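Next comes entry_14.pdb, a file with PDB, C-alpha atoms, pLDDT in the B column.
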ATOM      1  CA  MET A   1      30.312  69.667  74.223  1.00 37.00           C
ATOM      2  CA  LYS A   2      30.719  66.713  76.571  1.00 37.00           C
ATOM      3  CA  MET A   3      32.325  67.334  79.944  1.00 36.00           C
ATOM      4  CA  ARG A   4      34.641  64.634  81.218  1.00 38.00           C
ATOM      5  CA  PHE A   5      37.475  64.097  83.651  1.00 34.00           C
ATOM      6  CA  SER A   6      39.756  61.117  83.318  1.00 35.00           C
ATOM      7  CA  ILE A   7      43.309  59.984  83.919  1.00 33.00           C
ATOM      8  CA  ASN A   8      44.775  57.867  81.143  1.00 36.00           C
ATOM      9  CA  ILE A   9      48.016  55.941  81.531  1.00 33.00           C
ATOM     10  CA  VAL A  10      50.144  55.605  78.415  1.00 35.00           C
ATOM     11  CA  THR A  11      53.062  53.285  77.697  1.00 35.00           C
ATOM     12  CA  GLY A  12      55.875  55.758  78.019  1.00 38.00           C
ATOM     13  CA  PHE A  13      53.487  58.609  78.801  1.00 38.00           C
ATOM     14  CA  TYR A  14      51.072  59.686  81.510  1.00 37.00           C
ATOM     15  CA  VAL A  15      48.205  61.783  80.212  1.00 39.00           C
ATOM     16  CA  ILE A  16      45.969  63.943  82.371  1.00 37.00           C
ATOM     17  CA  VAL A  17      42.874  64.802  80.381  1.00 36.00           C
ATOM     18  CA  CYS A  18      41.381  68.153  81.273  1.00 36.00           C
ATOM     19  CA  GLY A  19      38.095  68.504  83.114  1.00 36.00           C
ATOM     20  CA  SER A  20      36.265  70.258  80.257  1.00 37.00           C
ATOM     21  CA  CYS A  21      37.469  68.579  77.080  1.00 42.00           C
ATOM     22  CA  THR A  22      35.589  68.440  73.834  1.00 56.00           C
ATOM     23  CA  SER A  23      34.813  65.014  72.457  1.00 77.00           C
ATOM     24  CA  ILE A  24      35.624  64.741  68.748  1.00 85.00           C
ATOM     25  CA  ASN A  25      33.782  62.134  66.679  1.00 90.00           C
ATOM     26  CA  VAL A  26      34.834  60.957  63.224  1.00 93.00           C
ATOM     27  CA  ILE A  27      32.347  58.834  61.278  1.00 94.00           C
ATOM     28  CA  SER A  28      33.812  56.526  58.626  1.00 94.00           C
ATOM     29  CA  THR A  29      31.289  55.215  56.124  1.00 91.00           C
ATOM     30  CA  GLY A  30      32.931  52.050  54.878  1.00 84.00           C
ATOM     31  CA  ASP A  31      33.711  53.393  51.422  1.00 79.00           C
ATOM     32  CA  GLY A  32      37.458  52.776  51.683  1.00 78.00           C
ATOM     33  CA  LYS A  33      38.197  56.428  52.466  1.00 90.00           C
ATOM     34  CA  MET A  34      40.718  57.264  55.172  1.00 94.00           C
ATOM     35  CA  TYR A  35      39.632  60.190  57.345  1.00 94.00           C
ATOM     36  CA  ASN A  36      42.502  62.417  58.478  1.00 94.00           C
ATOM     37  CA  THR A  37      41.958  63.188  62.179  1.00 92.00           C
ATOM     38  CA  HIS A  38      43.981  66.390  61.764  1.00 89.00           C
ATOM     39  CA  ASP A  39      41.053  67.795  59.767  1.00 90.00           C
ATOM     40  CA  TYR A  40      38.831  67.300  62.830  1.00 86.00           C
ATOM     41  CA  GLY A  41      41.240  68.819  65.347  1.00 83.00           C
ATOM     42  CA  VAL A  42      43.181  65.729  66.464  1.00 87.00           C
ATOM     43  CA  ASP A  43      46.819  66.617  65.764  1.00 86.00           C
ATOM     44  CA  VAL A  44      49.402  63.899  66.511  1.00 89.00           C
ATOM     45  CA  LYS A  45      52.570  65.705  65.384  1.00 88.00           C
ATOM     46  CA  THR A  46      53.767  66.406  68.932  1.00 83.00           C
ATOM     47  CA  ILE A  47      52.633  63.177  70.641  1.00 84.00           C
ATOM     48  CA  SER A  48      53.598  59.516  70.392  1.00 85.00           C
ATOM     49  CA  SER A  49      50.427  57.742  71.475  1.00 86.00           C
ATOM     50  CA  LEU A  50      46.694  58.211  71.207  1.00 88.00           C
ATOM     51  CA  LEU A  51      43.711  56.989  73.214  1.00 87.00           C
ATOM     52  CA  PHE A  52      40.368  56.698  71.424  1.00 92.00           C
ATOM     53  CA  ARG A  53      37.031  54.919  71.542  1.00 93.00           C
ATOM     54  CA  VAL A  54      35.506  53.090  68.595  1.00 97.00           C
ATOM     55  CA  LYS A  55      32.127  51.571  67.755  1.00 97.00           C
ATOM     56  CA  GLY A  56      31.778  49.252  64.763  1.00 96.00           C
ATOM     57  CA  CYS A  57      31.141  45.632  63.850  1.00 95.00           C
ATOM     58  CA  HIS A  58      34.319  44.602  62.051  1.00 95.00           C
ATOM     59  CA  ASP A  59      37.125  45.802  59.775  1.00 96.00           C
ATOM     60  CA  GLY A  60      38.151  49.149  61.222  1.00 96.00           C
ATOM     61  CA  TYR A  61      41.263  50.704  59.669  1.00 97.00           C
ATOM     62  CA  ILE A  62      43.945  52.915  61.217  1.00 98.00           C
ATOM     63  CA  ARG A  63      46.890  54.313  59.298  1.00 97.00           C
ATOM     64  CA  LEU A  64      49.780  56.460  60.500  1.00 97.00           C
ATOM     65  CA  TYR A  65      51.434  58.652  57.851  1.00 97.00           C
ATOM     66  CA  ASP A  66      54.540  60.787  57.547  1.00 96.00           C
ATOM     67  CA  GLY A  67      52.895  63.395  55.298  1.00 95.00           C
ATOM     68  CA  PRO A  68      49.523  64.896  54.311  1.00 93.00           C
ATOM     69  CA  ASP A  69      49.407  63.291  50.836  1.00 94.00           C
ATOM     70  CA  PHE A  70      48.191  59.819  51.775  1.00 94.00           C
ATOM     71  CA  SER A  71      48.715  58.499  48.240  1.00 92.00           C
ATOM     72  CA  THR A  72      52.508  58.948  48.469  1.00 95.00           C
ATOM     73  CA  ALA A  73      53.279  59.150  52.212  1.00 96.00           C
ATOM     74  CA  LYS A  74      55.005  56.371  54.115  1.00 96.00           C
ATOM     75  CA  LYS A  75      52.542  54.608  56.386  1.00 96.00           C
ATOM     76  CA  ALA A  76      51.882  52.067  59.114  1.00 97.00           C
ATOM     77  CA  TYR A  77      48.699  49.995  58.920  1.00 96.00           C
ATOM     78  CA  ILE A  78      46.402  48.596  61.620  1.00 98.00           C
ATOM     79  CA  LEU A  79      43.296  46.450  61.084  1.00 97.00           C
ATOM     80  CA  LEU A  80      40.871  46.149  64.003  1.00 97.00           C
ATOM     81  CA  GLY A  81      38.330  43.339  64.130  1.00 96.00           C
ATOM     82  CA  GLY A  82      39.315  41.567  60.933  1.00 96.00           C
ATOM     83  CA  TRP A  83      38.038  38.143  59.894  1.00 95.00           C
ATOM     84  CA  GLY A  84      34.529  38.967  61.124  1.00 95.00           C
ATOM     85  CA  ASN A  85      35.803  40.607  64.338  1.00 96.00           C
ATOM     86  CA  ASP A  86      37.965  37.628  65.211  1.00 96.00           C
ATOM     87  CA  LYS A  87      41.482  39.115  65.293  1.00 96.00           C
ATOM     88  CA  CYS A  88      43.594  42.147  64.361  1.00 97.00           C
ATOM     89  CA  LEU A  89      46.800  42.804  62.458  1.00 97.00           C
ATOM     90  CA  MET A  90      49.353  45.555  61.979  1.00 97.00           C
ATOM     91  CA  GLU A  91      52.210  46.426  59.630  1.00 96.00           C
ATOM     92  CA  PRO A  92      54.525  49.050  61.212  1.00 95.00           C
ATOM     93  CA  CYS A  93      55.851  50.124  57.800  1.00 93.00           C
ATOM     94  CA  SER A  94      55.330  49.271  54.134  1.00 90.00           C
ATOM     95  CA  GLY A  95      58.201  46.781  54.063  1.00 89.00           C
ATOM     96  CA  CYS A  96      57.785  45.479  57.602  1.00 93.00           C
ATOM     97  CA  SER A  97      56.492  42.104  58.729  1.00 94.00           C
ATOM     98  CA  THR A  98      52.805  41.650  59.530  1.00 96.00           C
ATOM     99  CA  ARG A  99      51.887  41.086  63.180  1.00 95.00           C
ATOM    100  CA  TYR A 100      48.655  39.397  64.273  1.00 96.00           C
ATOM    101  CA  SER A 101      46.689  39.485  67.520  1.00 96.00           C
ATOM    102  CA  GLN A 102      45.221  36.506  69.295  1.00 94.00           C
ATOM    103  CA  ARG A 103      41.662  35.568  68.372  1.00 94.00           C
ATOM    104  CA  TYR A 104      39.155  37.634  70.319  1.00 94.00           C
ATOM    105  CA  PRO A 105      36.107  39.853  69.490  1.00 94.00           C
ATOM    106  CA  TYR A 106      37.788  43.272  69.811  1.00 96.00           C
ATOM    107  CA  LEU A 107      34.943  45.430  68.447  1.00 97.00           C
ATOM    108  CA  ASN A 108      31.287  45.864  69.320  1.00 96.00           C
ATOM    109  CA  CYS A 109      28.529  46.917  66.905  1.00 96.00           C
ATOM    110  CA  ASN A 110      26.531  48.747  69.572  1.00 95.00           C
ATOM    111  CA  GLU A 111      28.944  50.273  72.066  1.00 95.00           C
ATOM    112  CA  MET A 112      32.179  52.189  72.209  1.00 95.00           C
ATOM    113  CA  ARG A 113      35.297  50.160  72.949  1.00 94.00           C
ATOM    114  CA  PRO A 114      38.297  52.085  74.371  1.00 92.00           C
ATOM    115  CA  MET A 115      41.575  51.414  72.545  1.00 93.00           C
ATOM    116  CA  TRP A 116      44.999  52.970  72.092  1.00 89.00           C
ATOM    117  CA  VAL A 117      47.918  53.133  69.677  1.00 93.00           C
ATOM    118  CA  ASN A 118      51.481  53.906  70.775  1.00 89.00           C
ATOM    119  CA  TRP A 119      54.286  54.715  68.318  1.00 92.00           C
ATOM    120  CA  THR A 120      57.014  55.806  70.750  1.00 85.00           C
ATOM    121  CA  GLY A 121      60.599  55.350  69.560  1.00 84.00           C
ATOM    122  CA  ARG A 122      59.551  54.301  66.045  1.00 88.00           C
ATOM    123  CA  LEU A 123      58.025  51.132  67.462  1.00 90.00           C
ATOM    124  CA  LEU A 124      54.329  50.326  67.305  1.00 94.00           C
ATOM    125  CA  SER A 125      51.924  48.769  69.807  1.00 93.00           C
ATOM    126  CA  VAL A 126      48.146  48.511  70.036  1.00 95.00           C
ATOM    127  CA  GLY A 127      45.862  47.659  72.935  1.00 92.00           C
ATOM    128  CA  GLU A 128      42.431  48.048  74.477  1.00 91.00           C
ATOM    129  CA  GLY A 129      41.022  49.579  77.625  1.00 84.00           C
ATOM    130  CA  ASP A 130      40.931  52.995  79.293  1.00 73.00           C
ATOM    131  CA  TYR A 131      44.579  52.780  80.341  1.00 62.00           C
ATOM    132  CA  VAL A 132      46.876  53.097  77.377  1.00 61.00           C
ATOM    133  CA  GLY A 133      49.813  50.745  77.726  1.00 74.00           C
ATOM    134  CA  GLU A 134      47.826  48.028  79.453  1.00 75.00           C
ATOM    135  CA  GLN A 135      45.964  45.149  77.759  1.00 87.00           C
ATOM    136  CA  MET A 136      48.330  45.309  74.791  1.00 91.00           C
ATOM    137  CA  PHE A 137      47.396  42.820  72.086  1.00 95.00           C
ATOM    138  CA  MET A 138      49.854  43.689  69.295  1.00 95.00           C
ATOM    139  CA  PHE A 139      53.487  44.801  69.454  1.00 93.00           C
ATOM    140  CA  THR A 140      56.586  44.757  67.257  1.00 91.00           C
ATOM    141  CA  ASN A 141      60.281  45.444  67.810  1.00 88.00           C
ATOM    142  CA  GLU A 142      60.617  46.226  64.099  1.00 92.00           C
ATOM    143  CA  GLN A 143      61.201  49.969  63.711  1.00 90.00           C
ATOM    144  CA  ARG A 144      59.411  52.229  61.259  1.00 92.00           C
ATOM    145  CA  ASP A 145      61.448  54.203  58.754  1.00 92.00           C
ATOM    146  CA  PHE A 146      59.472  57.418  59.285  1.00 94.00           C
ATOM    147  CA  ASP A 147      58.096  59.800  61.923  1.00 94.00           C
ATOM    148  CA  VAL A 148      54.339  59.852  62.408  1.00 95.00           C
ATOM    149  CA  GLN A 149      52.745  63.168  61.451  1.00 95.00           C
ATOM    150  CA  TYR A 150      49.139  62.164  60.667  1.00 96.00           C
ATOM    151  CA  PHE A 151      46.635  59.680  62.066  1.00 97.00           C
ATOM    152  CA  ALA A 152      43.736  58.467  59.902  1.00 97.00           C
ATOM    153  CA  VAL A 153      40.792  56.115  60.408  1.00 97.00           C
ATOM    154  CA  GLY A 154      38.418  54.287  58.106  1.00 96.00           C
ATOM    155  CA  SER A 155      36.310  51.145  57.746  1.00 95.00           C
ATOM    156  CA  GLY A 156      35.581  48.474  55.174  1.00 91.00           C
ATOM    157  CA  TRP A 157      32.854  46.133  54.068  1.00 80.00           C
ATOM    158  CA  ASN A 158      30.292  48.974  53.913  1.00 83.00           C
ATOM    159  CA  ARG A 159      30.523  49.351  57.661  1.00 89.00           C
ATOM    160  CA  VAL A 160      29.872  52.635  59.433  1.00 94.00           C
ATOM    161  CA  PHE A 161      32.291  53.265  62.317  1.00 96.00           C
ATOM    162  CA  ASP A 162      32.146  55.915  65.037  1.00 96.00           C
ATOM    163  CA  TRP A 163      35.603  56.979  66.244  1.00 95.00           C
ATOM    164  CA  GLU A 164      35.770  59.216  69.326  1.00 93.00           C
ATOM    165  CA  PHE A 165      38.791  61.239  70.463  1.00 88.00           C
ATOM    166  CA  ASP A 166      39.400  63.676  73.327  1.00 73.00           C
ATOM    167  CA  GLY A 167      39.874  67.137  71.879  1.00 57.00           C
ATOM    168  CA  ASN A 168      42.407  68.295  74.483  1.00 46.00           C
ATOM    169  CA  ALA A 169      45.059  65.841  75.596  1.00 41.00           C
ATOM    170  CA  GLY A 170      46.398  68.038  78.400  1.00 37.00           C
ATOM    171  CA  ASN A 171      49.912  67.569  79.767  1.00 44.00           C
ATOM    172  CA  LEU A 172      51.998  64.448  79.283  1.00 62.00           C
ATOM    173  CA  PHE A 173      54.710  62.781  81.308  1.00 73.00           C
ATOM    174  CA  GLU A 174      57.221  60.573  79.507  1.00 73.00           C
ATOM    175  CA  ARG A 175      58.851  57.559  81.112  1.00 77.00           C
ATOM    176  CA  VAL A 176      62.643  57.492  81.069  1.00 81.00           C
ATOM    177  CA  VAL A 177      64.360  54.222  80.153  1.00 77.00           C
ATOM    178  CA  PRO A 178      66.082  52.328  81.797  1.00 83.00           C
ATOM    179  CA  ASP A 179      64.344  51.735  85.138  1.00 89.00           C
ATOM    180  CA  GLY A 180      65.989  53.534  88.008  1.00 94.00           C
ATOM    181  CA  TRP A 181      65.995  56.668  90.127  1.00 94.00           C
ATOM    182  CA  SER A 182      67.167  60.104  89.059  1.00 95.00           C
ATOM    183  CA  THR A 183      70.337  61.739  90.315  1.00 95.00           C
ATOM    184  CA  ARG A 184      69.120  65.253  89.420  1.00 94.00           C
ATOM    185  CA  GLN A 185      68.592  67.940  92.083  1.00 92.00           C
ATOM    186  CA  MET A 186      65.664  66.905  94.263  1.00 95.00           C
ATOM    187  CA  LEU A 187      62.788  69.243  95.034  1.00 93.00           C
ATOM    188  CA  SER A 188      61.192  67.089  97.733  1.00 94.00           C
ATOM    189  CA  SER A 189      60.480  63.512  98.767  1.00 96.00           C
ATOM    190  CA  LEU A 190      57.153  62.133  99.929  1.00 95.00           C
ATOM    191  CA  THR A 191      55.124  58.935 100.203  1.00 95.00           C
ATOM    192  CA  SER A 192      52.546  58.077  97.549  1.00 91.00           C
ATOM    193  CA  ASN A 193      50.556  54.878  97.063  1.00 87.00           C
ATOM    194  CA  SER A 194      51.030  54.904  93.280  1.00 82.00           C
ATOM    195  CA  LYS A 195      53.367  56.379  90.677  1.00 82.00           C
ATOM    196  CA  PHE A 196      50.407  58.112  89.084  1.00 75.00           C
ATOM    197  CA  LYS A 197      49.611  59.995  92.282  1.00 81.00           C
ATOM    198  CA  CYS A 198      53.310  60.803  92.482  1.00 88.00           C
ATOM    199  CA  ILE A 199      53.081  62.369  89.028  1.00 83.00           C
ATOM    200  CA  MET A 200      49.984  64.293  90.104  1.00 79.00           C
ATOM    201  CA  SER A 201      51.939  65.647  93.096  1.00 86.00           C
ATOM    202  CA  CYS A 202      54.599  66.900  90.687  1.00 87.00           C
ATOM    203  CA  GLN A 203      51.973  68.554  88.495  1.00 78.00           C
ATOM    204  CA  ALA A 204      50.559  70.334  91.518  1.00 79.00           C
ATOM    205  CA  MET A 205      53.952  71.749  92.586  1.00 84.00           C
ATOM    206  CA  ILE A 206      55.500  74.778  90.882  1.00 81.00           C
ATOM    207  CA  GLY A 207      58.985  74.003  89.594  1.00 86.00           C
ATOM    208  CA  CYS A 208      58.594  70.224  89.452  1.00 90.00           C
ATOM    209  CA  ARG A 209      59.704  68.748  86.100  1.00 89.00           C
ATOM    210  CA  SER A 210      60.226  65.040  86.812  1.00 92.00           C
ATOM    211  CA  ILE A 211      59.671  62.270  89.366  1.00 94.00           C
ATOM    212  CA  SER A 212      61.177  58.964  90.477  1.00 96.00           C
ATOM    213  CA  TYR A 213      58.939  56.399  92.170  1.00 95.00           C
ATOM    214  CA  GLN A 214      59.887  53.200  94.008  1.00 95.00           C
ATOM    215  CA  ASN A 215      57.055  50.681  93.970  1.00 89.00           C
ATOM    216  CA  THR A 216      58.417  48.601  96.860  1.00 94.00           C
ATOM    217  CA  THR A 217      58.479  51.485  99.371  1.00 96.00           C
ATOM    218  CA  ASN A 218      56.016  53.995  97.797  1.00 94.00           C
ATOM    219  CA  ILE A 219      58.723  56.659  97.904  1.00 97.00           C
ATOM    220  CA  CYS A 220      57.989  59.544  95.528  1.00 96.00           C
ATOM    221  CA  GLN A 221      60.895  61.864  94.693  1.00 97.00           C
ATOM    222  CA  LEU A 222      60.226  65.163  92.901  1.00 96.00           C
ATOM    223  CA  TYR A 223      62.885  67.011  90.883  1.00 95.00           C
ATOM    224  CA  PHE A 224      63.479  70.558  89.669  1.00 92.00           C
ATOM    225  CA  GLU A 225      64.767  69.429  86.272  1.00 90.00           C
ATOM    226  CA  ARG A 226      63.761  66.998  83.554  1.00 88.00           C
ATOM    227  CA  SER A 227      65.796  63.841  84.094  1.00 89.00           C
ATOM    228  CA  ARG A 228      67.735  62.307  81.192  1.00 86.00           C
ATOM    229  CA  PHE A 229      68.667  58.663  80.685  1.00 86.00           C
ATOM    230  CA  VAL A 230      72.261  59.553  81.633  1.00 91.00           C
ATOM    231  CA  ASP A 231      70.953  60.769  85.014  1.00 93.00           C
ATOM    232  CA  ILE A 232      69.423  57.403  85.933  1.00 94.00           C
ATOM    233  CA  ASP A 233      70.965  55.129  88.552  1.00 95.00           C
ATOM    234  CA  PRO A 234      69.647  51.724  87.343  1.00 94.00           C
ATOM    235  CA  ASP A 235      67.319  49.875  89.721  1.00 95.00           C
ATOM    236  CA  ASN A 236      64.307  47.857  88.554  1.00 93.00           C
ATOM    237  CA  THR A 237      62.259  48.852  91.616  1.00 95.00           C
ATOM    238  CA  TRP A 238      62.241  52.491  90.458  1.00 95.00           C
ATOM    239  CA  GLU A 239      60.631  54.312  87.528  1.00 91.00           C
ATOM    240  CA  THR A 240      61.473  57.865  86.434  1.00 91.00           C
ATOM    241  CA  TRP A 241      59.038  60.067  84.484  1.00 87.00           C
ATOM    242  CA  ILE A 242      59.636  63.532  83.020  1.00 87.00           C
ATOM    243  CA  GLU A 243      57.360  66.384  82.044  1.00 81.00           C
ATOM    244  CA  ARG A 244      56.813  66.626  78.313  1.00 66.00           C
ATOM    245  CA  ASN A 245      55.497  69.963  77.044  1.00 55.00           C
ATOM    246  CA  VAL A 246      53.142  69.801  74.064  1.00 46.00           C
TER     247      VAL A 246
END
Take the structure from the file and write it as structure tokens.
Amino acid sequence: MKMRFSINIVTGFYVIVCGSCTSINVISTGDGKMYNTHDYGVDVKTISSLLFRVKGCHDGYIRLYDGPDFSTAKKAYILLGGWGNDKCLMEPCSGCSTRYSQRYPYLNCNEMRPMWVNWTGRLLSVGEGDYVGEQMFMFTNEQRDFDVQYFAVGSGWNRVFDWEFDGNAGNLFERVVPDGWSTRQMLSSLTSNSKFKCIMSCQAMIGCRSISYQNTTNICQLYFERSRFVDIDPDNTWETWIERNV
């Protein structure tokens, strides 16, 4: 078991990964088979985004399904490192338009590359890096016609891929849209040099369920209750995040 501590920032979610998480590896052998991550302990039914690391030369496959029978389930499709590791594509649903990335070598044959997939709100986005939500290279406004229940990986062209996932995703905070500050009952107000440290302050305080952070003043407001979109006073200098139990 590998020991790690990391903080991963998700589009729409803030994930604190525990200090003693197991690292789950799935090896795809390039035979066209899709490997269901649920069978390895990576369950996506209660989350809307996933951070992972991948090592492979080209043509890595990701599919998101609405059911366990992959032959009949609705699905979204992602190709990583297609065209000889030159670009990527995605199809958010079977009848949806295909989206392509810019040309760039996204994969590496010899080292793990951190990447993420986000399917919040029936939309789909894909990016690279340790901070999910940043360095996005594919996105669509076209909505899926299903809820994601299973996440599967595979590889083509007789390529062996190593996919690595964190076995315990910890607690998540979800960003409330639109931008603005919450009008819910405040627990306390303090100064923090980043919204992520503001969220950490909330996690460390009993009874805190949501935060609002103003990036121009570094004001961090902590709240007793989970804020809803109807509670937000719109202001594009503020962001509000709520605790999401999983």
- Item | Top pick for closest residue to Gly180 (chain A), considering A:His58, A:Arg144, A:Arg159, A:Arg228 and counting only C-alpha atoms |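 Closest to Gly180 (chain A), using only C-alpha atoms: A:Arg228.
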When you look at region 28-32 of chain A with a cut-off of 8 Å (counting all atoms listed in the file), what residues show up, excluding the ones that are within fewer than 2 positions of it in the same chain? I need them as an mmCIF file with C-alpha atoms, in the coordinates of the input.
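Writing done, so here's selection_34.cif:
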data_model
loop_
_atom_site.group_PDB
_atom_site.id
_atom_site.type_symbol
_atom_site.label_atom_id
_atom_site.label_comp_id
_atom_site.auth_asym_id
_atom_site.auth_seq_id
_atom_site.Cartn_x
_atom_site.Cartn_y
_atom_site.Cartn_z
ATOM 1 C CA VAL A 26 34.834 60.957 63.224
ATOM 2 C CA MET A 34 40.718 57.264 55.172
ATOM 3 C CA TYR A 35 39.632 60.190 57.345
ATOM 4 C CA VAL A 153 40.792 56.115 60.408
ATOM 5 C CA GLY A 154 38.418 54.287 58.106
ATOM 6 C CA SER A 155 36.310 51.145 57.746
ATOM 7 C CA GLY A 156 35.581 48.474 55.174
ATOM 8 C CA TRP A 157 32.854 46.133 54.068
ATOM 9 C CA ASN A 158 30.292 48.974 53.913
ATOM 10 C CA ARG A 159 30.523 49.351 57.661
ATOM 11 C CA VAL A 160 29.872 52.635 59.433
ATOM 12 C CA PHE A 161 32.291 53.265 62.317
ATOM 13 C CA ASP A 162 32.146 55.915 65.037
ATOM 14 C CA TRP A 163 35.603 56.979 66.244
#
- Which value, in Å to one decimal, gives the distance between CA of Asp147 (chain A) and CA of Phe229 (chain A)?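 Those two atoms sit 21.6 Å apart.
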- With distances taken over all atoms listed in the file, the candidate from A:Ser212, A:Thr37, A:Asn25, A:Ser227 nearest Met112 (chain A) is A:Asn25
- Mind giving me the straight-line distance from CA of Met115 (chain A) to CA of Gln203 (chain A) in Å, one decimal? 25.6 Å
Residue by residue, what does the PyMOL selection byres ((chain A and resi 242) around 7) grab here? Present the result as a PDB file with C-alpha atoms, in the coordinates of the input.
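The new file selection.pdb reads:
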ATOM      1  CA  PHE A 173      54.710  62.781  81.308  1.00 73.00           C
ATOM      2  CA  GLU A 174      57.221  60.573  79.507  1.00 73.00           C
ATOM      3  CA  ARG A 175      58.851  57.559  81.112  1.00 77.00           C
ATOM      4  CA  ARG A 209      59.704  68.748  86.100  1.00 89.00           C
ATOM      5  CA  SER A 210      60.226  65.040  86.812  1.00 92.00           C
ATOM      6  CA  ILE A 211      59.671  62.270  89.366  1.00 94.00           C
ATOM      7  CA  ARG A 226      63.761  66.998  83.554  1.00 88.00           C
ATOM      8  CA  SER A 227      65.796  63.841  84.094  1.00 89.00           C
ATOM      9  CA  THR A 240      61.473  57.865  86.434  1.00 91.00           C
ATOM     10  CA  TRP A 241      59.038  60.067  84.484  1.00 87.00           C
ATOM     11  CA  GLU A 243      57.360  66.384  82.044  1.00 81.00           C
ATOM     12  CA  ARG A 244      56.813  66.626  78.313  1.00 66.00           C
TER      13      ARG A 244
END
- Within 7 Å of region 49-56 of chain A, counting only C-alpha atoms, which residues show up once you throw out same-chain ones fewer than 6 positions away? Write them as a VMD selection string, please. chain A and resid 107 to 120 132 160 to 165
- Give me the residues within 7 Å of Pro105 (chain A) as a PyMOL selection string, counting only C-alpha atoms and dropping any in the same chain fewer than 6 places off. chain A and resi 81+85-87
Could you write out that same residue set with C-alpha atoms as an mmCIF file, in the frame of the given file?
data_model
loop_
_atom_site.group_PDB
_atom_site.id
_atom_site.type_symbol
_atom_site.label_atom_id
_atom_site.label_comp_id
_atom_site.auth_asym_id
_atom_site.auth_seq_id
_atom_site.Cartn_x
_atom_site.Cartn_y
_atom_site.Cartn_z
ATOM 1 C CA GLY A 81 38.330 43.339 64.130
ATOM 2 C CA ASN A 85 35.803 40.607 64.338
ATOM 3 C CA ASP A 86 37.965 37.628 65.211
ATOM 4 C CA LYS A 87 41.482 39.115 65.293
#
- Message: Residues within 12 Å of (70.5, 66.8, 95.0), file coordinates, counting all atoms listed in the file: what are they? Give the list as a list in words.
- Response: Ser182, Thr183, Arg184, Gln185, Met186, Leu187, Ser188, Ser189, Gln221, Leu222, Tyr223, Phe224, Glu225 and Asp231 of chain A
- Message: Residues within 6 Å of Leu80 (chain A), please, as a list in words. Count all atoms listed in the file; anything in the same chain fewer than 5 positions from it doesn't count.
- Response: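 Those residues are Asp59, Gly60 and Cys88 of chain A.
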- Message: I want to know what sits within 12 Å of Pro92 (chain A), based on all atoms listed in the file, with residues of the same chain fewer than 3 positions away left out; could you give that as a count of residues only?
- Response: 37
Where does the PyMOL selection byres ((chain A and resi 137) around 6) land in this file, that is, which residues does it pick, as a PDB file with C-alpha atoms, in the frame of the given file?
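Generated output (result_28.pdb):
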ATOM      1  CA  SER A 101      46.689  39.485  67.520  1.00 96.00           C
ATOM      2  CA  GLY A 127      45.862  47.659  72.935  1.00 92.00           C
ATOM      3  CA  MET A 136      48.330  45.309  74.791  1.00 91.00           C
ATOM      4  CA  MET A 138      49.854  43.689  69.295  1.00 95.00           C
TER       5      MET A 138
END
- Query: Pick from A:Ser48, A:Met90, A:Lys195, A:Phe151: nearest to Asp66 (chain A), with all atoms listed in the file counted?
  - Reply: A:Phe151
